[in-house]
Each structure stands twice: as structure tokens, then as C-alpha cells.
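For reference, target_38.txt (compact mmCIF, C-alpha atoms (C1' of nucleotides)):
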# COMPACT_ATOMS: atom_id res chain seq x y z
CA MET F 1 37.88 -25.61 13.84
CA GLN F 2 41.19 -23.81 13.70
CA GLY F 3 44.64 -24.92 12.59
CA LYS F 4 46.49 -23.66 15.65
CA ALA F 5 44.47 -23.40 18.81
CA PRO F 6 44.78 -20.01 20.49
CA LEU F 7 46.02 -19.81 24.06
CA ASP F 8 43.73 -19.05 26.96
CA SER F 9 44.66 -17.56 30.32
CA THR F 10 45.16 -21.01 31.86
CA ASP F 11 47.74 -21.86 29.21
CA ILE F 12 49.55 -18.62 30.00
CA ARG F 13 49.52 -19.43 33.72
CA ILE F 14 51.02 -22.83 32.95
CA LEU F 15 53.73 -21.25 30.79
CA ARG F 16 54.54 -18.71 33.51
CA CYS F 17 54.86 -21.41 36.17
CA LEU F 18 57.09 -23.62 34.04
CA ARG F 19 59.21 -20.64 33.09
CA LYS F 20 59.75 -19.82 36.77
CA ASN F 21 60.39 -23.44 37.75
CA ALA F 22 60.56 -26.07 35.02
CA ARG F 23 60.84 -28.91 37.55
CA ILE F 24 57.61 -28.13 39.40
CA SER F 25 55.59 -31.31 39.93
CA ASN F 26 52.44 -31.76 37.88
CA LYS F 27 50.38 -31.86 41.08
CA ASP F 28 51.68 -28.47 42.25
CA LEU F 29 51.36 -27.00 38.77
CA ALA F 30 47.74 -28.17 38.58
CA ARG F 31 46.97 -26.61 41.97
CA GLN F 32 48.57 -23.28 41.01
CA VAL F 33 46.62 -22.95 37.77
CA GLY F 34 43.36 -24.33 39.18
CA LEU F 35 43.04 -27.57 37.23
CA ALA F 36 42.81 -31.25 38.05
CA PRO F 37 46.21 -32.98 37.64
CA SER F 38 45.03 -35.00 34.64
CA SER F 39 43.72 -31.92 32.80
CA CYS F 40 46.86 -29.99 33.60
CA LEU F 41 49.07 -32.78 32.32
CA GLU F 42 47.17 -32.88 29.05
CA ARG F 43 47.55 -29.11 28.61
CA VAL F 44 51.30 -29.33 29.09
CA ARG F 45 51.50 -32.17 26.58
CA ARG F 46 49.50 -30.15 24.05
CA LEU F 47 51.74 -27.12 24.56
CA ARG F 48 54.82 -29.25 23.93
CA LEU F 49 53.36 -30.90 20.83
CA ALA F 50 52.33 -27.49 19.46
CA ARG F 51 55.94 -26.31 19.99
CA VAL F 52 54.76 -23.53 22.30
CA LEU F 53 56.93 -25.08 25.01
CA THR F 54 60.20 -25.62 23.17
CA GLY F 55 62.46 -26.93 25.94
CA TYR F 56 63.45 -27.06 29.60
CA HIS F 57 66.96 -26.06 30.64
CA ALA F 58 68.85 -25.98 33.93
CA ASP F 59 70.95 -22.92 34.76
CA VAL F 60 74.44 -23.61 36.10
CA ASP F 61 76.73 -21.18 37.94
CA PRO F 62 79.41 -20.23 35.37
CA ASN F 63 82.15 -19.74 37.98
CA VAL F 64 81.85 -23.35 39.09
CA LEU F 65 82.58 -24.49 35.53
CA GLY F 66 85.78 -22.47 35.32
CA ILE F 67 84.25 -19.63 33.30
CA GLY F 68 86.18 -16.63 34.56
CA LEU F 69 85.28 -14.16 31.81
CA GLN F 70 82.40 -13.41 29.47
CA ALA F 71 82.36 -11.04 26.53
CA MET F 72 80.20 -9.71 23.72
CA VAL F 73 81.97 -9.84 20.37
CA ALA F 74 80.55 -7.54 17.68
CA VAL F 75 81.31 -8.88 14.20
CA ARG F 76 81.16 -7.23 10.79
CA LEU F 77 81.35 -9.53 7.78
CA SER F 78 83.22 -8.66 4.57
CA ARG F 79 80.43 -9.71 2.24
CA HIS F 80 76.82 -10.40 3.05
CA VAL F 81 76.18 -13.25 0.68
CA ARG F 82 74.13 -16.18 1.87
CA SER F 83 77.02 -18.66 1.66
CA ASP F 84 79.24 -16.59 3.95
CA VAL F 85 76.45 -15.95 6.41
CA ASP F 86 75.54 -19.64 6.61
CA ALA F 87 79.15 -20.78 6.91
CA PHE F 88 79.89 -18.31 9.68
CA GLU F 89 76.79 -19.21 11.69
CA ALA F 90 77.43 -22.93 11.33
CA HIS F 91 80.99 -22.42 12.49
CA LEU F 92 79.99 -20.45 15.59
CA ALA F 93 77.15 -22.79 16.51
CA ARG F 94 79.70 -25.58 17.04
CA LEU F 95 81.94 -23.64 19.44
CA PRO F 96 81.45 -24.45 23.14
CA GLU F 97 82.47 -20.90 24.04
CA VAL F 98 79.47 -19.38 22.25
CA VAL F 99 76.55 -18.84 24.61
CA THR F 100 74.22 -16.92 22.31
CA LEU F 101 74.54 -15.77 18.72
CA PHE F 102 72.56 -12.66 17.71
CA HIS F 103 72.21 -11.89 14.01
CA VAL F 104 71.44 -8.17 13.92
CA ALA F 105 70.74 -5.31 11.52
CA GLY F 106 72.87 -2.25 12.08
CA ALA F 107 76.50 -1.25 12.21
CA ASN F 108 77.42 -4.87 12.98
CA ASP F 109 76.21 -8.17 11.59
CA TYR F 110 76.54 -10.31 14.71
CA LEU F 111 76.74 -9.96 18.44
CA VAL F 112 78.25 -13.09 19.95
CA HIS F 113 78.04 -13.73 23.68
CA VAL F 114 81.02 -15.90 24.64
CA ALA F 115 82.09 -17.55 27.92
CA VAL F 116 85.79 -18.26 28.38
CA ARG F 117 88.31 -19.29 31.03
CA ASP F 118 90.38 -16.12 31.14
CA SER F 119 91.75 -13.28 29.04
CA SER F 120 94.26 -15.44 27.19
CA HIS F 121 91.47 -17.83 26.27
CA LEU F 122 89.50 -14.85 24.96
CA ARG F 123 92.47 -13.69 22.93
CA ASP F 124 92.91 -17.14 21.36
CA LEU F 125 89.20 -17.33 20.61
CA ALA F 126 89.13 -13.86 19.04
CA LEU F 127 91.92 -14.87 16.67
CA THR F 128 90.95 -18.44 15.91
CA ALA F 129 87.19 -18.18 15.75
CA PHE F 130 86.79 -14.64 14.41
CA THR F 131 89.70 -12.62 13.03
CA GLU F 132 91.28 -15.45 11.06
CA ARG F 133 88.00 -16.44 9.39
CA PRO F 134 87.81 -15.28 5.77
CA GLU F 135 84.20 -14.09 6.12
CA VAL F 136 85.10 -11.69 8.94
CA ASP F 137 86.01 -8.09 8.20
CA HIS F 138 86.25 -6.63 11.69
CA ILE F 139 85.49 -7.46 15.32
CA GLU F 140 85.13 -5.43 18.49
CA THR F 141 85.14 -7.07 21.91
CA GLN F 142 83.38 -5.79 25.01
CA LEU F 143 83.91 -7.42 28.38
CA ILE F 144 80.73 -8.32 30.28
CA PHE F 145 80.87 -7.15 33.89
CA HIS F 146 77.67 -8.98 34.64
CA HIS F 147 74.37 -9.85 33.06
CA GLN F 148 70.95 -10.73 34.34
CA ARG F 149 68.18 -12.59 32.58
CA ASN F 150 64.55 -11.81 33.15
CA HIS F 151 62.57 -14.99 33.63
CA GLU F 152 59.17 -13.35 33.51
CA LEU F 153 57.13 -13.97 30.36
CA PRO F 154 56.21 -10.90 28.30
CA VAL F 155 52.75 -11.61 26.87
CA TYR F 156 51.28 -9.30 24.26
CA LEU F 157 48.13 -11.24 23.43
CA ASP F 158 44.39 -10.90 23.56
CA LEU F 159 43.54 -14.17 25.24
CA ASP F 160 40.70 -16.42 24.08
CA ASP F 161 39.00 -17.42 27.31
CA ASP F 162 35.44 -17.94 26.05
CA GLU F 163 34.55 -19.91 22.98
CA MET Y 1 87.62 -31.41 54.57
CA GLN Y 2 86.99 -28.58 52.16
CA GLY Y 3 84.59 -25.65 52.24
CA LYS Y 4 83.21 -26.18 48.76
CA ALA Y 5 83.38 -29.68 47.39
CA PRO Y 6 84.90 -29.84 43.90
CA LEU Y 7 82.91 -31.37 41.09
CA ASP Y 8 83.70 -34.78 39.68
CA SER Y 9 82.86 -36.12 36.23
CA THR Y 10 79.56 -37.57 37.44
CA ASP Y 11 78.45 -34.14 38.64
CA ILE Y 12 79.32 -32.70 35.24
CA ARG Y 13 77.32 -35.44 33.51
CA ILE Y 14 74.34 -34.61 35.71
CA LEU Y 15 74.66 -30.92 34.90
CA ARG Y 16 74.89 -31.63 31.17
CA CYS Y 17 71.77 -33.83 31.25
CA LEU Y 18 69.72 -31.31 33.22
CA ARG Y 19 70.87 -28.52 30.94
CA LYS Y 20 69.71 -30.47 27.90
CA ASN Y 21 66.42 -31.48 29.50
CA ALA Y 22 65.54 -30.10 32.92
CA ARG Y 23 62.40 -32.24 33.17
CA ILE Y 24 64.15 -35.58 32.76
CA SER Y 25 62.94 -38.07 35.37
CA ASN Y 26 65.32 -38.97 38.17
CA LYS Y 27 65.26 -42.60 37.07
CA ASP Y 28 66.38 -41.75 33.53
CA LEU Y 29 68.95 -39.28 34.81
CA ALA Y 30 70.38 -41.92 37.13
CA ARG Y 31 70.61 -44.41 34.30
CA GLN Y 32 72.35 -41.93 31.98
CA VAL Y 33 75.01 -41.01 34.54
CA GLY Y 34 75.46 -44.55 35.85
CA LEU Y 35 74.17 -44.16 39.40
CA ALA Y 36 71.39 -45.69 41.49
CA PRO Y 37 68.31 -43.42 41.59
CA SER Y 38 68.78 -42.64 45.28
CA SER Y 39 72.42 -41.60 44.82
CA CYS Y 40 71.56 -39.53 41.81
CA LEU Y 41 68.79 -37.72 43.64
CA GLU Y 42 71.14 -36.85 46.46
CA ARG Y 43 73.72 -35.46 44.03
CA VAL Y 44 71.12 -33.22 42.42
CA ARG Y 45 69.99 -32.01 45.84
CA ARG Y 46 73.59 -31.23 46.79
CA LEU Y 47 74.17 -29.34 43.55
CA ARG Y 48 71.07 -27.23 44.19
CA LEU Y 49 72.03 -26.51 47.80
CA ALA Y 50 75.54 -25.53 46.72
CA ARG Y 51 73.99 -23.12 44.17
CA VAL Y 52 75.75 -24.91 41.32
CA LEU Y 53 72.31 -25.57 39.85
CA THR Y 54 70.66 -22.17 40.07
CA GLY Y 55 67.32 -22.78 38.37
CA TYR Y 56 65.21 -24.59 35.81
CA HIS Y 57 63.39 -22.62 33.11
CA ALA Y 58 61.03 -23.54 30.29
CA ASP Y 59 61.58 -21.96 26.88
CA VAL Y 60 58.50 -20.59 25.17
CA ASP Y 61 58.08 -19.71 21.48
CA PRO Y 62 58.13 -15.87 21.38
CA ASN Y 63 55.81 -15.64 18.37
CA VAL Y 64 53.04 -17.41 20.24
CA LEU Y 65 53.18 -14.72 22.95
CA GLY Y 66 52.74 -11.89 20.46
CA ILE Y 67 56.43 -10.96 20.39
CA GLY Y 68 56.88 -9.80 16.80
CA LEU Y 69 60.20 -8.03 17.18
CA GLN Y 70 63.37 -8.26 19.23
CA ALA Y 71 66.19 -5.76 19.47
CA MET Y 72 69.50 -5.04 21.16
CA VAL Y 73 69.66 -1.56 22.63
CA ALA Y 74 73.17 -0.21 23.28
CA VAL Y 75 73.14 2.38 26.05
CA ARG Y 76 75.69 4.98 27.10
CA LEU Y 77 75.14 6.66 30.46
CA SER Y 78 75.87 10.34 31.11
CA ARG Y 79 77.72 9.77 34.37
CA HIS Y 80 79.08 6.54 35.76
CA VAL Y 81 78.39 7.09 39.41
CA ARG Y 82 77.11 4.21 41.47
CA SER Y 83 73.72 5.81 42.15
CA ASP Y 84 72.96 6.25 38.44
CA VAL Y 85 74.13 2.76 37.58
CA ASP Y 86 72.02 1.19 40.32
CA ALA Y 87 68.93 3.25 39.49
CA PHE Y 88 69.16 2.41 35.81
CA GLU Y 89 69.61 -1.32 36.39
CA ALA Y 90 66.77 -1.45 38.90
CA HIS Y 91 64.53 0.34 36.44
CA LEU Y 92 65.31 -2.04 33.57
CA ALA Y 93 65.02 -5.15 35.71
CA ARG Y 94 61.33 -4.36 36.28
CA LEU Y 95 60.41 -4.01 32.60
CA PRO Y 96 58.71 -7.05 31.06
CA GLU Y 97 60.21 -6.18 27.67
CA VAL Y 98 63.77 -6.70 28.94
CA VAL Y 99 64.99 -10.23 28.24
CA THR Y 100 68.64 -9.85 29.28
CA LEU Y 101 70.65 -6.93 30.59
CA PHE Y 102 74.39 -6.93 29.86
CA HIS Y 103 76.59 -4.49 31.76
CA VAL Y 104 79.67 -4.13 29.58
CA ALA Y 105 83.02 -2.36 29.40
CA GLY Y 106 83.70 -0.58 26.13
CA ALA Y 107 82.13 2.07 23.94
CA ASN Y 108 78.75 1.40 25.59
CA ASP Y 109 77.72 0.77 29.16
CA TYR Y 110 74.81 -1.59 28.57
CA LEU Y 111 73.47 -3.93 25.94
CA VAL Y 112 69.80 -4.59 26.54
CA HIS Y 113 68.02 -7.41 24.76
CA VAL Y 114 64.34 -6.48 24.48
CA ALA Y 115 61.27 -8.33 23.14
CA VAL Y 116 58.36 -6.22 21.91
CA ARG Y 117 55.10 -6.51 19.99
CA ASP Y 118 56.03 -4.43 16.95
CA SER Y 119 58.00 -1.42 15.77
CA SER Y 120 55.69 1.10 17.43
CA HIS Y 121 56.07 -0.74 20.70
CA LEU Y 122 59.85 -0.56 20.26
CA ARG Y 123 59.66 3.16 19.55
CA ASP Y 124 57.61 3.78 22.71
CA LEU Y 125 59.99 1.65 24.76
CA ALA Y 126 63.06 3.45 23.39
CA LEU Y 127 61.59 6.78 24.46
CA THR Y 128 59.99 5.84 27.75
CA ALA Y 129 62.50 3.37 29.12
CA PHE Y 130 65.72 4.80 27.70
CA THR Y 131 65.93 8.20 26.03
CA GLU Y 132 63.75 10.01 28.57
CA ARG Y 133 65.71 8.66 31.55
CA PRO Y 134 68.03 11.27 33.09
CA GLU Y 135 70.90 8.76 33.47
CA VAL Y 136 70.94 8.01 29.74
CA ASP Y 137 73.19 9.94 27.39
CA HIS Y 138 72.71 8.04 24.13
CA ILE Y 139 71.16 4.86 22.74
CA GLU Y 140 71.57 2.89 19.55
CA THR Y 141 69.09 0.23 18.54
CA GLN Y 142 69.84 -2.85 16.44
CA LEU Y 143 67.06 -5.14 15.27
CA ILE Y 144 67.61 -8.83 15.92
CA PHE Y 145 66.93 -10.95 12.84
CA HIS Y 146 67.30 -14.10 14.86
CA HIS Y 147 69.30 -15.49 17.71
CA GLN Y 148 70.23 -18.97 18.86
CA ARG Y 149 71.28 -20.10 22.29
CA ASN Y 150 73.80 -22.85 22.82
CA HIS Y 151 72.60 -25.29 25.47
CA GLU Y 152 75.85 -27.20 25.73
CA LEU Y 153 77.86 -26.63 28.91
CA PRO Y 154 81.35 -25.18 28.45
CA VAL Y 155 83.48 -26.78 31.15
CA TYR Y 156 87.01 -25.51 31.76
CA LEU Y 157 87.85 -27.57 34.84
CA ASP Y 158 90.31 -30.19 35.98
CA LEU Y 159 87.88 -32.67 37.50
CA ASP Y 160 88.49 -34.33 40.87
CA ASP Y 161 87.57 -37.95 40.24
CA ASP Y 162 89.87 -39.66 42.73
CA GLU Y 163 90.29 -38.58 46.33
C1' DC S 1 37.37 -30.83 32.32
C1' DA S 2 36.90 -34.03 36.41
C1' DT S 3 36.92 -38.51 38.65
C1' DG S 4 38.68 -42.88 39.93
C1' DA S 5 41.56 -47.00 39.22
C1' DA S 6 45.77 -49.31 37.90
C1' DA S 7 50.63 -49.36 36.62
C1' DT S 8 54.79 -47.01 36.98
C1' DG S 9 58.00 -43.62 39.03
C1' DT S 10 59.58 -40.74 43.02
C1' DT S 11 61.13 -39.84 47.50
C1' DT S 12 62.71 -40.94 52.00
C1' DC S 13 64.85 -43.81 55.12
C1' DA S 14 67.35 -47.54 57.39
C1' DA S 15 70.77 -51.01 56.81
C1' DA S 16 74.84 -52.77 54.76
C1' DA S 17 78.97 -52.82 51.85
C1' DT N 1 79.77 -42.50 48.95
C1' DT N 2 77.04 -45.72 46.99
C1' DT N 3 73.67 -49.52 46.97
C1' DT N 4 69.55 -52.09 48.19
C1' DG N 5 64.93 -52.72 49.57
C1' DA N 6 60.59 -51.18 51.68
C1' DA N 7 56.93 -47.97 52.48
C1' DA N 8 54.46 -43.69 51.37
C1' DC N 9 53.34 -40.68 47.98
C1' DA N 10 53.12 -38.75 43.09
C1' DT N 11 52.73 -39.37 38.12
C1' DT N 12 50.75 -41.06 34.08
C1' DT N 13 47.32 -43.26 31.31
C1' DC N 14 42.84 -44.57 30.43
C1' DA N 15 37.93 -45.34 30.75
C1' DT N 16 33.90 -43.06 32.26
C1' DG N 17 30.85 -39.23 33.49
Would you write out, as C-alpha cells, the structure that this file holds?
Amino acid sequence: MQGKAPLDSTDIRILRCLRKNARISNKDLARQVGLAPSSCLERVRRLRLARVLTGYHADVDPNVLGIGLQAMVAVRLSRHVRSDVDAFEAHLARLPEVVTLFHVAGANDYLVHVAVRDSSHLRDLALTAFTERPEVDHIETQLIFHHQRNHELPVYLDLDDDE
Amino acid sequence: MQGKAPLDSTDIRILRCLRKNARISNKDLARQVGLAPSSCLERVRRLRLARVLTGYHADVDPNVLGIGLQAMVAVRLSRHVRSDVDAFEAHLARLPEVVTLFHVAGANDYLVHVAVRDSSHLRDLALTAFTERPEVDHIETQLIFHHQRNHELPVYLDLDDDE
DNA sequence: CATGAAATGTTTCAAAA
DNA sequence: TTTTGAAACATTTCATG
């Protein structure tokens, strides 16, 4: 008896299918992974409860929402004390313009992917949300020409298929 | 009659709900946006056909898949001719380790978010997939301590609710 | 993990406002 | 465009093998 059950190849197939299309019906999912619908449904429920599956999200065309420009803002903080780090992250997490916040080790402290209306919106955001913050020492903005996500699952596991 | 129908506030509510939870049932979605199930279903179908909704993807805990390390690799190309750019992007798009590829304007040409098993995997990837490529002039790798996505929808539109 | 049965939800369609 | 209602199909839960 183990605390966290290891994944087998069927679990991985389920995760791959739901990653490709999160709105696949349970019947189709069951057929694709070679299970009965009831067994498949129970697997998916287990994977959600175990927090292996952490969420399902629709992708929306940014242009349709009025997002005309995206950028990566590299941020260097003045001091690296816990209170500054926490305050800065909490602040950014509440901005609608922030798509993803990367906390990194290197020349910069953060890489912040932002989505804005246009260049004047970006300028306002750079001032208001970054430069004028007391924790921030320096920022550098790079425009994003385009970006593409990879929706395949990288799996670096030895699977437990026989127990 | 217009080529592409503008979105109204109900469409936006649908997009927000599906972004928060792509596996919500049509009945619940209809209730949350204040439509009959049949009308709601037709809206969602329209939004998919119009490529406003571009996909639905499950999120999976990286640790469970054996991903022990993530990094952002900044890449500068030697020459910026179309053939090199296309070859490099096509190459990266086929790597399972690549999570997102950002093509940017600035000091670097690309920011590549990668997910690997461990530091030796990252070292191999840096050599094989980047440094040894003829198009690549220079790379700089930053470890990602953690990153958080924002699943709210930024909407910068004047909505068309009365026609 | 599979089967089968029962309750609930989904999907499509025609008709009407 | 949206709603309603009806019919066909799918989902979900549960008891049983």
C-alpha cells in the first residue's frame, strides 16, 4: 500500500487525450484508451482528486479580445528579501494584463508575459505596474512577435504497468 | 450583415466560464450566462467555428510526469534570414521538452520555456537542441523557480450588446 | 475492470414568439 | 435570436460479477 499511487500507461494515455482536447466525451476517451466508460470515468476522477489533473482551460484568440500587443518584461528587484518578493508577486498576480509570471534565477528576477491593447497601454503598464513600484530596480521590455505553446505532454517516467 | 460578428457580453461570459473550467456542463454554463441550454450550445458552437475558441487543454502537474526542472533559454541567432528562422522554429516545435516558444524583438531572438527531468537533461538539451545548431549564435539559460499562469481573460473591447 | 440498470444531462430539431 | 418541448443518445452512479 502506497501513499501516492504511481501512474500506469493508461493514466498517461488519459492525460495525453485530455491535454489535446479537454472537452472530449467520456465515451470517446474510454474508447481511445481502451477502457469501459465506467472505468475510464473513475480513473479521471482519481487523477483529479490526486491533483494530477489540475484544471481544464479554454484557449481564446487574443486578437478577438482586443489584445493587439504582447511583451515579455524582464524585471530586476532592488532587494531580494522575502517581503519584497511576496509583495511584488501578489501585485502582479492581480493584474489582468499578466498572462504568466516566471520567477527565475539569473541576471533577472522575473520574466512577465503581458498582453495589452497597444503600445500606449504597454507604456502605461510599464510605468504603473513596474517602474513606479518601490521593489523594482530595473526593467527591460521585449515585444513578442508570436509565440506557440506545445500541447504534447513530456513524460519522463518509468511507468508501473504490472503490480 | 458583417463578415465577422462582433462579440456581445454574453459571448464574453461564455468565454470566461470556459476559460475557468473547460469541462463545465452545457447546462451549468447556460445557467451561469443566463441562456437556455440550446441557445448556449449554439453560441459555443459558433465561437468554435469562428476560431474565437481555439482549443481546450487539461493542465497536468509537472512533478508527477518526472519534470524536475524548468528553464527559460534565451537564444540569439547568427543570421536573421527567413530560412534560418523557419528551420530553427520547426526544429524546436518538434521537441517534447519545449513548452512555449516566444519569438521576440530585443537583445535576444527567442525565449524558449523548456521542461526537463534534471540538470543533466538540461545540459544535454542545451547542447543538442541549441548550441550545436548552426543557426544559433549564443544562448543564456535561466532556471525557473516557479511560474504561475493567470486564467482570467483580459478583454479590451467595446461590446456590441444592442443592434 | 466490466456489465447492466436507472436517473440525469446532452444534443438535435421543429415550432413558435 | 431565443425559447420550448420531444426524441435519441450520452453521462454518471451504483450494485453485481
Margin query: Rounded to one decimal, what separation in Å do you get between atom CA of Ala129 of chain Y and atom CA of Gln148 of chain Y?
Written below: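 Computing it gives 25.8 Å between the two atoms.
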Next item on the list: To one decimal in Å, tell me the separation between atom CA of Arg117 of chain Y and atom CA of Gly68 of chain Y.
Entry: 4.9 Å
Note to self: So that I can check the surroundings of DT4 of chain N, please list as a ChimeraX atom specification every protein, DNA and RNA residue that reaches within 10 Å of it, counting all atoms listed in the file and ignoring chain neighbours fewer than 3 positions away.
What the structure shows: /Y:36,38 /S:15-16
Using all atoms listed in the file, I'd like a table of the residues in chain Y that come within 12 Å of chain N; for each, show the closest atom pair and its distance in Å rounded to one decimal, ordered by chain and ascending number, as a Markdown table.
| residue | atom | partner | partner_atom | distance |
| --- | --- | --- | --- | --- |
| Y:Ser25 | CA | N:DT11 | C1' | 10.7 |
| Y:Gly34 | CA | N:DT2 | C1' | 11.3 |
| Y:Leu35 | CA | N:DT2 | C1' | 8.3 |
| Y:Ala36 | CA | N:DT3 | C1' | 7.1 |
| Y:Pro37 | CA | N:DT3 | C1' | 9.7 |
| Y:Ser38 | CA | N:DT3 | C1' | 8.6 |
| Y:Ser39 | CA | N:DT2 | C1' | 6.6 |
| Y:Cys40 | CA | N:DT2 | C1' | 9.8 |
| Y:Leu41 | CA | N:DT2 | C1' | 12.0 |
| Y:Glu42 | CA | N:DT1 | C1' | 10.6 |
| Y:Arg43 | CA | N:DT1 | C1' | 10.5 |
| Y:Glu163 | CA | N:DT1 | C1' | 11.5 |
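The gap separating atom CA of His103 of chain F from atom CA of Thr54 of chain F is 20.4 Å, in Å to one decimal.
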Checklist line | Residue list for chain Y near chain F as a PyMOL selection string, 7 Å, all atoms listed in the file | finding: chain Y and resi 18-23+52-61+64-67+96-106+117+142-150+152+154-157
Notebook entry, point to check: When the cut-off is 9 Å and we count all atoms listed in the file, which residues of chain S are near chain Y, given as a list of chain:residue names?
Noted result: S:DG9, S:DT10, S:DT11
Checklist line | Selection near Ala126 of chain Y, 10 Å with only C-alpha atoms (C1' of nucleotides), sequence-local residues under 4 positions removed, as a PyMOL selection string | finding: chain Y and resi 73+120-122+130-132+139-141
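The closest residue to Asp11 of chain F, picked from F:His91, F:Asp124, F:Arg133, F:Asp161 and counting only C-alpha atoms, is F:Asp161.
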